[in-house]
There are 2 protein chains.
Amino acid sequence: MEKGVGAEILTIGTELLLGQTIDTNSAYIGEQLAAAGIEVCWKSTIGDHEARIRTALRTALTRSEIVITTGGLGPTEDDLTCRAIAAELSRPLILDQTVLESIRRRFTERALVMSGNNERQAMIPEAATVLPNPHGTAPGFAIRLEDGRIVAAMPGVPSEMRPMLNEQVIPRLREAFGVKSRIRSRTLKACGITESALDETISDLTRLSRNPTIAVLAYPGEIHIRLTVKAESETEGDQLLDDLETKIRNRVGEYLFGRDEERLEEVVGRLLLDARATVAIAESCTGGLVCHRLTNLPGSSAFFMRGEIVYSNDAKERLLGVPHELIAEHGAVSRPVAVAMAVGMRQIAGTDLALGITGIAGPGGGTATKPVGLTYIALASDDGATSREYRFLGDRETNKLLASQEALDVLRRHLRSHRYAGQS
Amino acid sequence: MEKGVGAEILTIGTELLLGQTIDTNSAYIGEQLAAAGIEVCWKSTIGDHEARIRTALRTALTRSEIVITTGGLGPTEDDLTCRAIAAELSRPLILDQTVLESIRRRFTERALVMSGNNERQAMIPEAATVLPNPHGTAPGFAIRLEDGRIVAAMPGVPSEMRPMLNEQVIPRLREAFGVKSRIRSRTLKACGITESALDETISDLTRLSRNPTIAVLAYPGEIHIRLTVKAESETEGDQLLDDLETKIRNRVGEYLFGRDEERLEEVVGRLLLDARATVAIAESCTGGLVCHRLTNLPGSSAFFMRGEIVYSNDAKERLLGVPHELIAEHGAVSRPVAVAMAVGMRQIAGTDLALGITGIAGPGGGTATKPVGLTYIALASDDGATSREYRFLGDRETNKLLASQEALDVLRRHLRSHRYAGQS
């Protein structure tokens, strides 16, 4: 038996053993459980093989108080998790009418015919608590054994598993095992600065701070500063995190755009709403990615009016009124054209703000003077137009991502430094 | 004991359990071993904890002929793999002079001072074969037990582990166990059909086919049918795969859009190039995602002319010439408006094809008669316009993804069934 409450994760699926799918679920579960004060001591992956699933469960129950499985709850022949758990815990499978109904409902809503396979998903081990799955057909379930141990089974699809874990499984576990202490962590997200530059600016804090600890992680277009603290109470933990965050903000504040799950587009969307400002986007090299990211936000129609993906010069001229001579003289990928795109877009869309983005995403199209990755981003507002040159070094999709990131950051910085009608 | 040669992977490191690092090593190893004809039956992750590493190794040796570990070979205190293996197999650790020398060399080459810690990395279990690590300081090692089983330990850094696996470990294993056969696999990708419907259509094949085996995996908007075959020669394997693929195509051929790494947008892009056809996209609910996916393709400017992200009704009317009355009568999310968007887009862009996409991505904006997820996709071509209604049940981003998937599939189906100038 481990100190504290020990959990074991079993991820199930032959595709995980064959390496056809990378198991991101167990990392996510480990992270969430750790944050909830539950230690993951073992993690195993088993193929779609009933006997092996049973062996793994048996072994897990000899050493862990909590066993969490993912995968193998689907409707197909090779989904064996439910059967294996029921057999190993010698609990018969029973048809759960409520589950069957909710599966039926999903199919009728979609005007689809439900196949016999889907009924299998309504067979639940006796005396198990059903964990409803609002995001898919396969429900999860939790079984509390006589000795208090808990076995929880969840689907393998991350978008179905994650909310089930956070909203249903973890609260049950903390309650069942009376877990008090928490590991809290906070991620500060930065963009517009290199990892090493940021690292250097806060290296002394990173070295000296023990609780919270600091970890700097680099991702395409943004850097995460992860603060992790262990505390008995949330308030105590938050206080320690707040103090350290303040120190960091004093040094790199302008680069920090958000916290934790907050995405750059969400921050920009909120700033636009606060400012009651509207925006239109003219994209060339980013090919719609900036519009896509902004329209991922619920309610984005309140600030996002319009986007133009203008790949051809002709479209740049006819749609945005970019003068033919300008393109002829400077080329489509140039600062003047980016500016003309932004100004033209703002005029025809009648928005407060407009972006013009032109560049060479690659792999083709680069020259000695205009290499792949060269990108110009211009912002048009009632103060006129500003623009900046960038040189990205990634492949096509990375360059598109980096350009969309910078474009959103241009909006963020502008909105932070200007007052709009809506702002008090 | 498994049929054939069974391997077990042990990935070691507390950061893997805490989810701070996602374990990509075991997926890579599983894939490489499978391709080399060695079946991975178990995979476990253990923290930096000597007793648990020993337990995991003990368990592995009761059921697998090959045990491969990664991680925990570094110079620091919490690198315990070597010690744990040596203890569990009761072989003393012996200082290997050659290893010590090569580590020293690495440090002098880099003009670095070697710390005592690094010497620990030269301690190798007695009678183990050292696996040199040209890409790092920590060497790996392989131990052949009296009964023929093999335990191989490799570092956790992927750039060090991968070459060691492919150049040193796998050849040794194939030789030691006289493995002749290789495993080949092929993935057939389908869209426009539900997992259970597809599964039912081929369930007899799934059940009866043993070599190749069939696995059905569902992803948002597409389903993968994975065929895995074991064969002595590549040609034999391919023949078996071809035969099974033909059987599957005879039943669900129209839904299959590609193979292996092929993405739906790549297939559509290739069909557009072959047809020398051009396309323009008018997106409402997908907010630029379809344009983004098409412009992810290098050289997409050859067929992608233009995209309009028309969020407001005003934009739909002014830009695409959607009649005001049409929107007033049927609403912006309706089949007639989707058709008018496609037809209008095709006219102003002067392309061979144009898509019109309108829907309610959610979470807001739904009504009893027009629920969240309701989407209309229309295609305009020289034969006029076709359109279809969809009801997606995901969250906002999933609905956008599913709609973009269907939109691309509409293009794919049209291009496959029509002749264009370019086609011979």
# chains A, B, ... in the order shown; residues from 1 in each chain; ligands from 1
>>> interface_residues(of="chain B", to="chain A", cutoff="7 Å", atoms="only C-alpha atoms", output="PyMOL selection string")
chain B and resi 16-20+22+24+27-28+30-31+34+40-47+196-197+199+287-289+291-292+295-296+298+301+305-312+362-363+391+394+396-397
>>> calpha_fit_and_write(fixed="chain A", moving="chain B", output="tab-separated table (two decimals) with C-alpha atoms, in the first residue's frame")
chain	number	residue	atom	x	y	z
B	1	MET	CA	3.63	4.39	-3.94
B	2	GLU	CA	3.09	8.04	-4.89
B	3	LYS	CA	2.82	10.90	-2.43
B	4	GLY	CA	-0.86	11.64	-1.91
B	5	VAL	CA	-3.41	9.50	-3.68
B	6	GLY	CA	-2.11	8.18	-6.99
B	7	ALA	CA	-4.46	7.13	-9.75
B	8	GLU	CA	-3.87	5.21	-12.96
B	9	ILE	CA	-6.09	5.28	-16.01
B	10	LEU	CA	-6.47	2.27	-18.29
B	11	THR	CA	-8.26	2.97	-21.56
B	12	ILE	CA	-9.23	-0.23	-23.32
B	13	GLY	CA	-9.92	-0.75	-27.02
B	14	THR	CA	-7.93	-1.88	-30.04
B	15	GLU	CA	-9.30	1.09	-32.02
B	16	LEU	CA	-7.33	3.35	-29.65
B	17	LEU	CA	-4.07	1.54	-30.43
B	18	LEU	CA	-4.75	1.58	-34.16
B	19	GLY	CA	-5.45	5.30	-33.93
B	20	GLN	CA	-8.91	4.93	-35.45
B	21	THR	CA	-10.27	6.67	-32.36
B	22	ILE	CA	-8.46	9.43	-30.50
B	23	ASP	CA	-8.60	8.83	-26.76
B	24	THR	CA	-10.26	11.92	-25.29
B	25	ASN	CA	-11.54	10.04	-22.23
B	26	SER	CA	-8.24	9.81	-20.39
B	27	ALA	CA	-7.58	13.54	-20.83
B	28	TYR	CA	-11.04	14.30	-19.47
B	29	ILE	CA	-10.61	11.91	-16.54
B	30	GLY	CA	-7.14	13.29	-15.80
B	31	GLU	CA	-8.49	16.83	-15.73
B	32	GLN	CA	-11.46	15.98	-13.50
B	33	LEU	CA	-9.37	13.91	-11.07
B	34	ALA	CA	-6.68	16.60	-10.85
B	35	ALA	CA	-9.33	19.18	-10.07
B	36	ALA	CA	-10.68	16.84	-7.39
B	37	GLY	CA	-7.26	16.59	-5.76
B	38	ILE	CA	-6.37	13.14	-7.09
B	39	GLU	CA	-3.09	12.87	-8.98
B	40	VAL	CA	-2.99	10.78	-12.14
B	41	CYS	CA	0.50	9.32	-12.37
B	42	TRP	CA	0.09	6.75	-15.13
B	43	LYS	CA	-2.08	6.24	-18.14
B	44	SER	CA	-2.09	3.16	-20.35
B	45	THR	CA	-4.00	1.99	-23.37
B	46	ILE	CA	-4.55	-1.72	-24.00
B	47	GLY	CA	-6.22	-3.50	-26.90
B	48	ASP	CA	-9.22	-5.83	-26.60
B	49	HIS	CA	-7.00	-8.65	-25.31
B	50	GLU	CA	-7.81	-10.29	-21.97
B	51	ALA	CA	-4.27	-11.31	-20.99
B	52	ARG	CA	-2.92	-7.81	-21.68
B	53	ILE	CA	-5.76	-6.16	-19.79
B	54	ARG	CA	-4.92	-8.37	-16.80
B	55	THR	CA	-1.20	-7.55	-17.06
B	56	ALA	CA	-1.94	-3.84	-17.20
B	57	LEU	CA	-4.25	-4.08	-14.17
B	58	ARG	CA	-1.65	-6.09	-12.24
B	59	THR	CA	1.05	-3.49	-12.99
B	60	ALA	CA	-1.29	-0.64	-12.10
B	61	LEU	CA	-2.11	-2.19	-8.71
B	62	THR	CA	1.59	-2.35	-7.82
B	63	ARG	CA	1.92	1.42	-8.05
B	64	SER	CA	-1.45	3.15	-7.83
B	65	GLU	CA	-4.16	3.29	-5.19
B	66	ILE	CA	-6.85	3.99	-7.73
B	67	VAL	CA	-7.27	2.25	-11.07
B	68	ILE	CA	-9.90	3.59	-13.45
B	69	THR	CA	-10.71	1.76	-16.66
B	70	THR	CA	-12.82	2.91	-19.60
B	71	GLY	CA	-14.08	0.84	-22.51
B	72	GLY	CA	-14.63	-2.85	-23.14
B	73	LEU	CA	-17.92	-3.07	-21.20
B	74	GLY	CA	-20.11	-3.35	-24.28
B	75	PRO	CA	-22.20	-6.34	-25.34
B	76	THR	CA	-19.91	-7.66	-28.06
B	77	GLU	CA	-17.37	-10.50	-28.11
B	78	ASP	CA	-14.42	-8.15	-27.96
B	79	ASP	CA	-15.62	-6.44	-24.79
B	80	LEU	CA	-13.38	-8.15	-22.27
B	81	THR	CA	-12.78	-5.62	-19.51
B	82	CYS	CA	-15.29	-7.06	-17.03
B	83	ARG	CA	-14.06	-10.63	-17.48
B	84	ALA	CA	-10.41	-9.58	-17.25
B	85	ILE	CA	-10.90	-7.59	-14.03
B	86	ALA	CA	-12.96	-10.34	-12.43
B	87	ALA	CA	-10.31	-12.93	-13.32
B	88	GLU	CA	-7.37	-10.79	-12.18
B	89	LEU	CA	-9.04	-10.04	-8.84
B	90	SER	CA	-10.31	-13.67	-8.68
B	91	ARG	CA	-13.92	-12.70	-8.20
B	92	PRO	CA	-16.56	-14.74	-10.05
B	93	LEU	CA	-18.99	-12.91	-12.36
B	94	ILE	CA	-22.50	-12.86	-10.97
B	95	LEU	CA	-25.71	-11.97	-12.80
B	96	ASP	CA	-27.07	-8.75	-11.29
B	97	GLN	CA	-30.88	-8.82	-11.48
B	98	THR	CA	-31.30	-5.06	-11.03
B	99	VAL	CA	-28.90	-4.36	-13.88
B	100	LEU	CA	-30.60	-7.00	-16.06
B	101	GLU	CA	-33.94	-5.35	-15.37
B	102	SER	CA	-32.73	-1.85	-16.26
B	103	ILE	CA	-31.20	-3.15	-19.49
B	104	ARG	CA	-34.52	-4.93	-20.32
B	105	ARG	CA	-36.36	-1.69	-19.61
B	106	ARG	CA	-34.18	0.28	-22.00
B	107	PHE	CA	-34.99	-2.17	-24.76
B	108	THR	CA	-38.73	-2.31	-24.15
B	109	GLU	CA	-38.88	1.49	-23.91
B	110	ARG	CA	-37.29	1.62	-27.36
B	111	ALA	CA	-39.47	-1.25	-28.59
B	112	LEU	CA	-36.30	-3.20	-29.39
B	113	VAL	CA	-35.64	-6.90	-28.99
B	114	MET	CA	-32.89	-7.55	-26.47
B	115	SER	CA	-30.17	-9.89	-27.72
B	116	GLY	CA	-28.49	-12.49	-25.53
B	117	ASN	CA	-25.35	-10.41	-25.81
B	118	ASN	CA	-26.91	-7.69	-23.76
B	119	GLU	CA	-27.42	-10.08	-20.85
B	120	ARG	CA	-23.63	-10.39	-20.62
B	121	GLN	CA	-23.64	-6.76	-19.55
B	122	ALA	CA	-25.52	-7.72	-16.38
B	123	MET	CA	-22.69	-10.01	-15.24
B	124	ILE	CA	-20.83	-8.09	-12.53
B	125	PRO	CA	-17.81	-9.19	-10.44
B	126	GLU	CA	-18.77	-10.49	-6.99
B	127	ALA	CA	-19.07	-7.84	-4.25
B	128	ALA	CA	-18.65	-5.01	-6.74
B	129	THR	CA	-20.72	-1.84	-6.41
B	130	VAL	CA	-22.75	-1.33	-9.56
B	131	LEU	CA	-22.48	2.16	-11.09
B	132	PRO	CA	-25.79	2.66	-12.91
B	133	ASN	CA	-25.55	4.03	-16.46
B	134	PRO	CA	-28.63	6.15	-17.20
B	135	HIS	CA	-27.20	7.04	-20.63
B	136	GLY	CA	-26.51	3.55	-21.99
B	137	THR	CA	-26.87	-0.19	-21.42
B	138	ALA	CA	-23.42	-0.98	-20.01
B	139	PRO	CA	-23.26	-0.19	-16.29
B	140	GLY	CA	-19.95	0.54	-14.61
B	141	PHE	CA	-18.76	-0.96	-11.34
B	142	ALA	CA	-16.35	-0.21	-8.51
B	143	ILE	CA	-14.47	-2.73	-6.40
B	144	ARG	CA	-12.80	-1.85	-3.09
B	145	LEU	CA	-9.95	-4.24	-2.32
B	146	GLU	CA	-9.08	-5.40	1.19
B	147	ASP	CA	-6.15	-2.99	1.35
B	148	GLY	CA	-8.39	-0.07	0.43
B	149	ARG	CA	-7.40	0.31	-3.20
B	150	ILE	CA	-10.23	0.97	-5.61
B	151	VAL	CA	-10.75	-0.34	-9.13
B	152	ALA	CA	-13.51	1.44	-11.05
B	153	ALA	CA	-14.65	0.36	-14.53
B	154	MET	CA	-16.64	2.69	-16.79
B	155	PRO	CA	-17.94	2.47	-20.35
B	156	GLY	CA	-15.91	4.06	-23.14
B	157	VAL	CA	-18.66	6.18	-24.69
B	158	PRO	CA	-17.83	9.70	-23.46
B	159	SER	CA	-21.48	10.73	-23.02
B	160	GLU	CA	-21.96	7.71	-20.71
B	161	MET	CA	-18.57	7.86	-18.98
B	162	ARG	CA	-18.48	11.57	-18.10
B	163	PRO	CA	-21.58	11.76	-15.89
B	164	MET	CA	-20.68	8.42	-14.29
B	165	LEU	CA	-17.23	9.77	-13.44
B	166	ASN	CA	-18.42	13.08	-12.01
B	167	GLU	CA	-21.60	11.95	-10.25
B	168	GLN	CA	-20.57	8.50	-9.01
B	169	VAL	CA	-16.85	7.74	-9.21
B	170	ILE	CA	-15.15	10.96	-8.07
B	171	PRO	CA	-17.39	11.53	-5.00
B	172	ARG	CA	-16.74	7.90	-3.94
B	173	LEU	CA	-12.98	8.31	-4.39
B	174	ARG	CA	-12.76	11.59	-2.47
B	175	GLU	CA	-14.80	10.05	0.33
B	176	ALA	CA	-12.92	6.74	0.39
B	177	PHE	CA	-9.52	8.42	0.55
B	178	GLY	CA	-10.62	11.42	2.61
B	179	VAL	CA	-9.35	13.82	-0.05
B	180	LYS	CA	-9.83	17.39	1.14
B	181	SER	CA	-7.55	19.47	-1.05
B	182	ARG	CA	-8.34	20.51	-4.59
B	183	ILE	CA	-6.02	21.37	-7.43
B	184	ARG	CA	-6.53	24.59	-9.33
B	185	SER	CA	-4.58	25.70	-12.32
B	186	ARG	CA	-4.21	28.82	-14.39
B	187	THR	CA	-2.60	29.32	-17.79
B	188	LEU	CA	-0.83	32.55	-18.69
B	189	LYS	CA	-0.49	32.96	-22.44
B	190	ALA	CA	2.45	34.79	-24.01
B	191	CYS	CA	3.48	35.73	-27.53
B	192	GLY	CA	6.33	37.64	-29.13
B	193	ILE	CA	9.01	35.75	-27.17
B	194	THR	CA	10.74	32.37	-27.75
B	195	GLU	CA	10.13	29.42	-25.42
B	196	SER	CA	13.75	29.25	-24.29
B	197	ALA	CA	14.04	33.01	-23.74
B	198	LEU	CA	10.89	33.00	-21.63
B	199	ASP	CA	11.99	29.84	-19.85
B	200	GLU	CA	15.34	31.38	-18.96
B	201	THR	CA	13.71	34.54	-17.64
B	202	ILE	CA	11.63	32.54	-15.15
B	203	SER	CA	13.74	29.38	-14.80
B	204	ASP	CA	14.49	30.06	-11.12
B	205	LEU	CA	10.76	30.32	-10.40
B	206	THR	CA	10.14	27.14	-12.40
B	207	ARG	CA	12.82	25.34	-10.42
B	208	LEU	CA	12.04	26.68	-6.97
B	209	SER	CA	8.26	27.01	-7.00
B	210	ARG	CA	6.73	23.76	-5.73
B	211	ASN	CA	3.20	24.88	-4.99
B	212	PRO	CA	2.10	26.26	-7.40
B	213	THR	CA	4.25	24.42	-9.90
B	214	ILE	CA	5.11	26.01	-13.25
B	215	ALA	CA	5.09	24.29	-16.65
B	216	VAL	CA	6.03	26.03	-19.89
B	217	LEU	CA	4.35	24.71	-23.05
B	218	ALA	CA	5.12	25.98	-26.56
B	219	TYR	CA	2.56	26.19	-29.35
B	220	PRO	CA	2.93	27.78	-32.79
B	221	GLY	CA	3.05	31.52	-32.17
B	222	GLU	CA	2.37	31.38	-28.45
B	223	ILE	CA	3.72	30.00	-25.20
B	224	HIS	CA	1.63	28.88	-22.26
B	225	ILE	CA	2.82	29.17	-18.67
B	226	ARG	CA	0.73	26.74	-16.65
B	227	LEU	CA	0.51	27.32	-12.89
B	228	THR	CA	-0.91	24.44	-10.85
B	229	VAL	CA	-1.61	24.75	-7.15
B	230	LYS	CA	-2.81	22.31	-4.48
B	231	ALA	CA	-4.85	23.92	-1.73
B	232	GLU	CA	-7.48	23.19	0.91
B	233	SER	CA	-9.74	26.03	-0.22
B	234	GLU	CA	-10.35	27.86	-3.49
B	235	THR	CA	-9.45	31.23	-1.93
B	236	GLU	CA	-6.16	29.86	-0.61
B	237	GLY	CA	-5.40	28.39	-4.04
B	238	ASP	CA	-6.27	31.60	-5.86
B	239	GLN	CA	-4.11	33.62	-3.47
B	240	LEU	CA	-1.09	31.41	-4.20
B	241	LEU	CA	-1.77	31.63	-7.94
B	242	ASP	CA	-2.15	35.41	-7.80
B	243	ASP	CA	1.16	35.81	-5.94
B	244	LEU	CA	3.06	33.70	-8.47
B	245	GLU	CA	1.33	35.33	-11.43
B	246	THR	CA	2.44	38.74	-10.11
B	247	LYS	CA	6.06	37.58	-9.91
B	248	ILE	CA	5.87	36.28	-13.49
B	249	ARG	CA	4.15	39.43	-14.77
B	250	ASN	CA	6.93	41.54	-13.25
B	251	ARG	CA	9.37	39.77	-15.55
B	252	VAL	CA	7.49	39.00	-18.77
B	253	GLY	CA	4.28	41.01	-18.34
B	254	GLU	CA	4.46	42.75	-21.71
B	255	TYR	CA	4.41	39.38	-23.50
B	256	LEU	CA	1.38	38.03	-21.63
B	257	PHE	CA	-1.78	38.57	-23.65
B	258	GLY	CA	-4.31	36.43	-21.85
B	259	ARG	CA	-5.29	33.69	-19.46
B	260	ASP	CA	-6.72	30.15	-19.71
B	261	GLU	CA	-9.10	29.74	-22.68
B	262	GLU	CA	-8.70	33.33	-23.92
B	263	ARG	CA	-7.52	33.53	-27.53
B	264	LEU	CA	-5.36	36.38	-28.85
B	265	GLU	CA	-8.09	37.48	-31.27
B	266	GLU	CA	-10.59	37.69	-28.39
B	267	VAL	CA	-8.24	39.93	-26.42
B	268	VAL	CA	-7.74	42.16	-29.47
B	269	GLY	CA	-11.50	42.23	-30.12
B	270	ARG	CA	-12.21	43.27	-26.53
B	271	LEU	CA	-9.54	46.00	-26.65
B	272	LEU	CA	-11.05	47.30	-29.89
B	273	LEU	CA	-14.54	47.37	-28.35
B	274	ASP	CA	-13.29	49.11	-25.19
B	275	ALA	CA	-11.50	51.67	-27.34
B	276	ARG	CA	-14.52	51.99	-29.66
B	277	ALA	CA	-11.89	51.76	-32.38
B	278	THR	CA	-12.47	50.31	-35.86
B	279	VAL	CA	-10.00	48.34	-37.92
B	280	ALA	CA	-9.40	47.29	-41.53
B	281	ILE	CA	-6.86	44.73	-42.68
B	282	ALA	CA	-4.83	44.56	-45.89
B	283	GLU	CA	-3.36	41.08	-46.19
B	284	SER	CA	-1.00	39.69	-48.73
B	285	CYS	CA	0.93	36.64	-47.44
B	286	THR	CA	-1.59	35.81	-44.69
B	287	GLY	CA	-4.27	35.54	-47.38
B	288	GLY	CA	-7.29	36.32	-45.22
B	289	LEU	CA	-6.31	34.53	-42.01
B	290	VAL	CA	-6.20	37.69	-39.91
B	291	CYS	CA	-9.69	38.69	-41.11
B	292	HIS	CA	-10.89	35.13	-40.52
B	293	ARG	CA	-9.62	35.10	-36.94
B	294	LEU	CA	-11.11	38.51	-36.12
B	295	THR	CA	-14.47	37.60	-37.69
B	296	ASN	CA	-14.60	34.38	-35.65
B	297	LEU	CA	-15.60	36.67	-32.80
B	298	PRO	CA	-19.34	37.15	-32.29
B	299	GLY	CA	-20.20	40.82	-32.80
B	300	SER	CA	-16.97	41.54	-34.68
B	301	SER	CA	-18.92	43.70	-37.11
B	302	ALA	CA	-18.78	46.38	-34.38
B	303	PHE	CA	-15.04	46.92	-34.95
B	304	PHE	CA	-14.08	45.00	-38.09
B	305	MET	CA	-15.00	47.07	-41.14
B	306	ARG	CA	-13.21	45.59	-44.05
B	307	GLY	CA	-10.45	43.40	-45.35
B	308	GLU	CA	-8.53	43.35	-48.62
B	309	ILE	CA	-6.67	40.27	-49.70
B	310	VAL	CA	-4.33	41.79	-52.27
B	311	TYR	CA	-2.23	39.09	-53.83
B	312	SER	CA	-1.26	40.82	-57.06
B	313	ASN	CA	0.87	43.98	-57.22
B	314	ASP	CA	-1.82	45.43	-59.44
B	315	ALA	CA	-4.37	45.03	-56.66
B	316	LYS	CA	-1.97	46.60	-54.17
B	317	GLU	CA	-1.64	49.61	-56.43
B	318	ARG	CA	-5.22	50.01	-57.64
B	319	LEU	CA	-6.97	49.21	-54.37
B	320	LEU	CA	-4.65	50.54	-51.74
B	321	GLY	CA	-2.89	53.21	-53.77
B	322	VAL	CA	0.55	51.71	-53.18
B	323	PRO	CA	2.76	53.73	-55.55
B	324	HIS	CA	3.97	51.67	-58.50
B	325	GLU	CA	7.51	53.04	-58.05
B	326	LEU	CA	7.59	51.87	-54.44
B	327	ILE	CA	6.95	48.26	-55.49
B	328	ALA	CA	9.36	48.63	-58.42
B	329	GLU	CA	12.10	49.99	-56.16
B	330	HIS	CA	11.72	47.92	-52.97
B	331	GLY	CA	9.69	44.93	-54.14
B	332	ALA	CA	6.22	43.90	-52.96
B	333	VAL	CA	7.71	42.29	-49.85
B	334	SER	CA	9.34	45.29	-48.21
B	335	ARG	CA	8.85	47.60	-45.28
B	336	PRO	CA	7.81	50.63	-47.38
B	337	VAL	CA	5.13	48.59	-49.18
B	338	ALA	CA	3.75	47.21	-45.90
B	339	VAL	CA	3.51	50.77	-44.60
B	340	ALA	CA	1.87	52.02	-47.81
B	341	MET	CA	-0.64	49.15	-47.63
B	342	ALA	CA	-1.57	50.02	-44.04
B	343	VAL	CA	-1.83	53.75	-44.70
B	344	GLY	CA	-3.79	53.20	-47.93
B	345	MET	CA	-6.15	50.71	-46.28
B	346	ARG	CA	-6.82	53.10	-43.40
B	347	GLN	CA	-7.58	55.94	-45.79
B	348	ILE	CA	-10.04	54.10	-48.05
B	349	ALA	CA	-11.73	52.22	-45.21
B	350	GLY	CA	-11.90	55.32	-42.98
B	351	THR	CA	-11.05	53.25	-39.89
B	352	ASP	CA	-9.10	54.25	-36.77
B	353	LEU	CA	-6.55	51.51	-37.40
B	354	ALA	CA	-5.35	49.48	-40.36
B	355	LEU	CA	-2.79	46.73	-40.81
B	356	GLY	CA	-0.66	46.06	-43.86
B	357	ILE	CA	0.88	42.60	-44.07
B	358	THR	CA	3.24	41.49	-46.84
B	359	GLY	CA	5.63	38.55	-46.88
B	360	ILE	CA	6.77	35.33	-48.49
B	361	ALA	CA	4.80	32.42	-47.04
B	362	GLY	CA	6.65	29.90	-49.18
B	363	PRO	CA	7.51	27.30	-50.20
B	364	GLY	CA	8.32	29.20	-53.42
B	365	GLY	CA	9.14	32.85	-53.97
B	366	GLY	CA	12.18	33.11	-51.72
B	367	THR	CA	15.52	34.61	-52.78
B	368	ALA	CA	18.93	34.96	-51.12
B	369	THR	CA	18.13	38.49	-49.98
B	370	LYS	CA	14.44	37.81	-49.35
B	371	PRO	CA	14.10	34.29	-47.95
B	372	VAL	CA	10.86	32.40	-47.43
B	373	GLY	CA	9.31	33.57	-44.16
B	374	LEU	CA	10.45	37.19	-44.51
B	375	THR	CA	7.41	39.26	-43.52
B	376	TYR	CA	6.67	42.93	-42.86
B	377	ILE	CA	3.73	44.04	-40.72
B	378	ALA	CA	2.74	47.72	-40.58
B	379	LEU	CA	0.14	49.47	-38.46
B	380	ALA	CA	-1.43	52.77	-39.49
B	381	SER	CA	-3.15	54.93	-36.86
B	382	ASP	CA	-3.70	58.60	-36.18
B	383	ASP	CA	-0.08	58.73	-34.95
B	384	GLY	CA	1.13	57.67	-38.37
B	385	ALA	CA	2.58	54.25	-39.19
B	386	THR	CA	4.86	51.79	-37.43
B	387	SER	CA	6.28	48.62	-38.97
B	388	ARG	CA	8.39	45.60	-38.11
B	389	GLU	CA	10.30	42.87	-39.94
B	390	TYR	CA	9.89	39.17	-39.12
B	391	ARG	CA	11.56	35.98	-40.31
B	392	PHE	CA	9.45	32.87	-39.87
B	393	LEU	CA	10.93	29.40	-40.40
B	394	GLY	CA	7.83	27.26	-40.77
B	395	ASP	CA	6.07	25.78	-43.76
B	396	ARG	CA	3.54	27.88	-45.67
B	397	GLU	CA	0.62	27.38	-43.31
B	398	THR	CA	2.74	27.81	-40.19
B	399	ASN	CA	4.21	31.03	-41.59
B	400	LYS	CA	0.69	32.30	-42.26
B	401	LEU	CA	-0.33	31.41	-38.71
B	402	LEU	CA	2.76	33.01	-37.16
B	403	ALA	CA	2.30	36.17	-39.23
B	404	SER	CA	-1.38	36.40	-38.25
B	405	GLN	CA	-0.37	35.95	-34.61
B	406	GLU	CA	2.21	38.76	-34.79
B	407	ALA	CA	-0.27	40.98	-36.66
B	408	LEU	CA	-2.86	40.55	-33.90
B	409	ASP	CA	-0.17	41.18	-31.30
B	410	VAL	CA	0.77	44.44	-33.05
B	411	LEU	CA	-2.86	45.55	-32.63
B	412	ARG	CA	-2.90	44.38	-29.00
B	413	ARG	CA	0.26	46.28	-28.06
B	414	HIS	CA	-0.93	49.44	-29.83
B	415	LEU	CA	-4.37	49.37	-28.21
B	416	ARG	CA	-2.88	48.80	-24.75
B	417	SER	CA	-0.53	51.76	-25.05
B	418	HIS	CA	-2.89	54.30	-26.65
B	419	ARG	CA	-6.01	56.05	-25.40
B	420	TYR	CA	-9.09	56.07	-27.56
B	421	ALA	CA	-12.36	57.97	-27.43
B	422	GLY	CA	-14.11	55.06	-25.77
B	423	GLN	CA	-11.57	54.57	-23.03
B	424	SER	CA	-12.22	56.08	-19.63
>>> select_by_dssp(residues="region 278-374 of chain A", states="strand (DSSP E or B)", output="PyMOL selection string")
chain A and resi 279-283+304-310+353-359+374
>>> select_by_dssp(residues="region 81-117 of chain B", states="helix (DSSP H, G or I)", output="list in words")
Thr81, Cys82, Arg83, Ala84, Ile85, Ala86, Ala87, Glu88, Gln97, Thr98, Val99, Leu100, Glu101, Ser102, Ile103, Arg104, Arg105, Arg106, Phe107, Thr108, Glu109, Gly116 and Asn117 of chain B
